[in-house]
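The block underneath contains the structure these notes are about, expressed in structure tokens.
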Amino acid sequence: MEQIAYSAASGWLGSFWLLPTIPLASAAVLLLLGKRADRWGHWLGVLSVAASFVLGLTYFFTLRGLENRSGVEIKLWDYIGVGSFHVDMGLLFDPLSAMFVLLITGVGSLIHLYAVGYMEHDPGRRKFFGYFNLFIAAMLLLVLGNNYVMLYFGWEGVGLASYLLISFWYLRPSAATAGKKAFLMNRVGDAGFAIAIFLMFAYFGTVDYDKVFNSAGSLGHNAILWICLLLLLGAAGKSGQFPLQAWLPDAMEGPTPVSALIHAATMVTAGVYLIARSHPLFNASPDAQTVVVAVGALTLLIGCIIGCAKDDIKRVLAWSTVSQIGYMFLGVGLGGAAYGLALIHLLAHGFFKAGMFLGAGSVMHGMHDQTDIRRFGNLRKYMPITWITFGLGWLAIIGFPGLSGFFSKEPIIVAAFEREGWTAWLFGGAALLGAGLTAFYMTRLFWLTFHGPERWTEDIKKPHESPAVMTIPLILLAVGSVFAGWLLSTSVPDWLNPTFGTEQAEAEPVLSHSVITILSLVFTFVGAGLAIALFNRGTALAEQPANPLVTAARRNLYTDSFNEIVFEAPGRYLTRALVYLDNRGIDGLVNGLAAGVGGGSGRLRRAQTGFVRSYALSILGGAVLVVAATLAVRFG
């Protein structure tokens with residue numbers, strides 16, 4: 001193994017290839033040993049991710065202690081060597097990847113521990129943890145790759161593992177369909193990412209980060225714009241952003257720990273990581289940055305509006321994820337100092353959203369797997385730990401002063417108002433409206449679940465709190481929901497300076513910071529107060545006649561119908577037409593030619609009778625025809 005770009009003082013960092021290797025080896029053991037690992041396999045899965053987290057902390061503090069924190073790169077072996085084009089199998093540990101490593105392995109360890117209790121009675125628990133470890137390994141490879149091809153390997157590995165996890169209960173048609181939907185919609189984004197890599201090779205002759213970024217300024221406007229837009233398409237697919245957001249809520253068909261892992265700390269953040277990692281390319285294309293901002297603003301509103309109308313506890317949280325990732329896209333699209341703001345919100349979101357997803361699983365555990373919030377109520381009396389931890393996550397996500405969301409989301413709203421001209425009002429207004437809607441639908445979710453009258457079904461006698469193996473991760477994540485935002489906001493910007501640079505001038509917002517903060521709090525408290533006023537006494541258990549907006553929100557703003565009409569139905573009819581053309585056209589031509597040759601040869605075969613007189617007559621007939629033709633030519 002060749003090690004480059006680090007000094008003897010940082011030599012310990014040369015072993016950071018262990019980070020993805022440990023969970024990958026654990027996944028191989030769990031999946032290859034089969035039932036022999038059933039008794040202890042789940043603990044191996046937990047310990048492997050915890051070991052990667054401990055190593056990640058060690059590497060993090062080692063990198064932090066170096067005078068030059070630009071990063072450490074190792075080359076494992078040559079992957080492609082054709083002429084002047086070379087792609088290394090290599091890894092990069094720098095401030096950006098270090099942050100993601102700690103998030104993936106730290107929150108991932110807590111989710112793994114929670115899954116031990118949640119999946120206790122599932123006969124496929126060992127296989128589940130094998131897929132879980134495979135997912136973690138692929139995500140670590142994604143953030144540690146030192147070039148776009150290595151990133152793409154992890155990108156596809158995450159897609160495969162997510163398909164296996166979402167459709168884990170594949171005997172349920174809904175789970176199998178959800179897994180297939182996630183896989184196919186991600187392929188659309190992945191195709192865009194792959195084409196972007198091809199364009200990099202065509203224009204730069206390389207896919208290494210440094211060489212691509214150093215040459216970004218030399219490209220023409222259209223070339224860099226198309227590369228960035230294709231990268232954005234890939235990012236939108238993985239992170240569930242418009243127009244590829246429809247798969248994300250359906251991923252709730254997987255076990256709840258999968259929902260927490262995909263929607264909080266790992267897969268949905270991959271798109272944000274891709275844009276942040278590619279920031280020199282996007283900085284060179286202001287038009288592409290504007291598109292990223294527009295996609296983020298539109299998606300955060302779509303997620304909020306649909307979240308207001310959902311009754312499934314996990315689907316409300318899923319659309320909340322769509323919306324919160326929209327805030328992150330808004331941040332990375334704004335550029336400059338907002339790159340760090342987006343990543344602060346990404347890290348803080350990993351704590352409070354993972355805590356709420358695991359809290360939802362705890363509620364389901366005590367309510368016989370029911371998910372309809374209209375049939376909950378007063379659960380704070382029976383599940384106090386889940387109530388408190390979920391409540392802290394709720395306060396964090398709505399941006400309550402002093403909690404994580406206030407320190408992470410509020411600065412993004414301010415940054416949106418720093419754009420020039422009318423776009424500041426457009427995108428800043430969208431961010432403010434999103435804050436109010438978030439407070440409304442998250443308060444509705446929290447209040448209908450833990451407050452108000454009891455509305456349980458007859459089969460539930462008395463809900464119960466989850467065991468310690470499930471509540472301990474909830475408590476630890478709740479601590480992060482309270483303190484992570486403040487801690488991150490004071491440390492992350494300086495930590496990321498080697499990656500994004502220190503020259504991040506901030507424009508003057510069209511409104512003062514204090515006015516924006518006051519407006520944000522007003523929107524938040526109005527949204528939360530309205531939800532409490534409407535749902536303090538519960539809600540109707542049966543479907544009620546709804547206005548057009550509620551109907552549209554319940555049907556996901558008709559995005560699924562749009563995809564079915566515009567893409568699925570034409571594709572289905574095109575497939576049928578091609579099958580018909582193949583059967584009746586191409587196959588018909590080939591089969592008809594074969595039938596003609598066969599029929600003709602059969603008729604010719606009948607002339608071969610074996611009688612000499614028949615052959616003599618044939619020769620005579622042929623001779624007569626030849627003579628007749630000769631005379632016709634001679635005297636004609």
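Labeling convention for the structure tokens: chains A, B, ... as they appear, residues from 1 per chain, ligands from 1 in order of appearance.
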For A:Pro123, find every residue with an atom within 12 Å (counting only C-alpha atoms), except residues of its own chain fewer than 3 positions away, and show them as a PDB file with C-alpha atoms, in the first residue's frame.
```pdb
ATOM      1  CA  LYS A  35     -27.631 -19.567  10.575  1.00  0.00           C
ATOM      2  CA  ASP A  38     -27.815 -16.281  14.423  1.00  0.00           C
ATOM      3  CA  ARG A  39     -27.102 -16.310  18.177  1.00  0.00           C
ATOM      4  CA  HIS A  42     -26.427  -8.947  15.811  1.00  0.00           C
ATOM      5  CA  MET A 119     -35.610  -6.877  15.678  1.00  0.00           C
ATOM      6  CA  GLU A 120     -35.417  -9.270  18.647  1.00  0.00           C
ATOM      7  CA  ARG A 126     -28.716 -11.816  11.584  1.00  0.00           C
ATOM      8  CA  LYS A 127     -29.236 -11.168   7.888  1.00  0.00           C
ATOM      9  CA  PHE A 128     -30.689  -7.752   8.711  1.00  0.00           C
ATOM     10  CA  PHE A 129     -27.529  -6.764  10.552  1.00  0.00           C
ATOM     11  CA  PHE A 168     -36.330  -6.646   3.901  1.00  0.00           C
ATOM     12  CA  TRP A 169     -39.864  -7.863   4.629  1.00  0.00           C
TER      13      TRP A 169
END
```
I'd like the contact shell of A:Leu134 - 12 Å cut-off, only C-alpha atoms, skipping same-chain residues fewer than 5 positions apart - returned as a PyMOL selection string. chain A and resi 20-31+45+48-49+127-129+139-141+154+156-165
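Computed from the coordinates, the atom CA of A:Ile136 to atom CA of A:Ser489 distance equals 26.2 Å.
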Report, in Å with one decimal, the straight-line distance from atom CA of A:Val188 to atom CA of A:Gly271. 13.7 Å
Check the smallest atom-to-atom distance from each of A:Asn583, A:Asn563, A:Asn146, A:Ser514 to A:Met185 using only C-alpha atoms, then report the winner. A:Asn563
With DSSP run on the backbone, what are the helix (DSSP H, G or I) residues within stretch 395-617 of chain A? I'd like them as a PyMOL selection string. chain A and resi 395-397+404-416+422-450+468-495+497-500+513-535+548-554+556-607+612-617
Which residues come within 12 Å of A:Pro473, counting only C-alpha atoms, excluding same-chain residues fewer than 2 positions away, as an MDAnalysis selection string? chainID A and resid 106:118 257 260 351:352 354:359 362 385:386 389:390 466:471 475:480
Ranking A:Ile306, A:Ala37, A:Val291, A:Val87 by minimum distance to A:Leu549 and counting only C-alpha atoms, which one comes first? A:Ile306
Backbone DSSP call of strand (DSSP E or B) for stretch 26-269 of chain A, listed as a ChimeraX atom specification: /A:72-82,85-93,145,147,208
List the neighbours of stretch 422-427 of chain A out to 10 Å using only C-alpha atoms; skip same-chain residues closer than 5 positions along the sequence, and give me the result as a VMD selection string. chain A and resid 290 293 to 294 296 to 298 330 413 to 417 432 to 433 509 to 511
Considering only C-alpha atoms, return as number ranges by chain whatever protein or nucleic-acid residues lie within 6 Å of stretch 483-488 of chain A, sequence-local ones (same chain, fewer than 5 positions apart) excluded. A: 348, 404, 407-408
Could you take the residues named above and write them with C-alpha atoms, as a PDB file, in the first residue's frame?
```pdb
ATOM      1  CA  ALA A 348     -27.833  18.417  13.897  1.00  0.00           C
ATOM      2  CA  SER A 404     -30.193  22.322  17.902  1.00  0.00           C
ATOM      3  CA  PHE A 407     -28.762  27.117  15.765  1.00  0.00           C
ATOM      4  CA  SER A 408     -28.696  25.123  12.516  1.00  0.00           C
TER       5      SER A 408
END
```
If we count only C-alpha atoms, what is near A:Val54 at a cut-off of 9 Å, once residues fewer than 3 positions away on the same chain are taken out, given as a PyMOL selection string? chain A and resi 49-51+57-59+102+105-106
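Distances here use only C-alpha atoms; by that measure, the residue among A:Thr539, A:Ser520, A:Ser323, A:Asn547 closest to A:Gly377 is A:Thr539.
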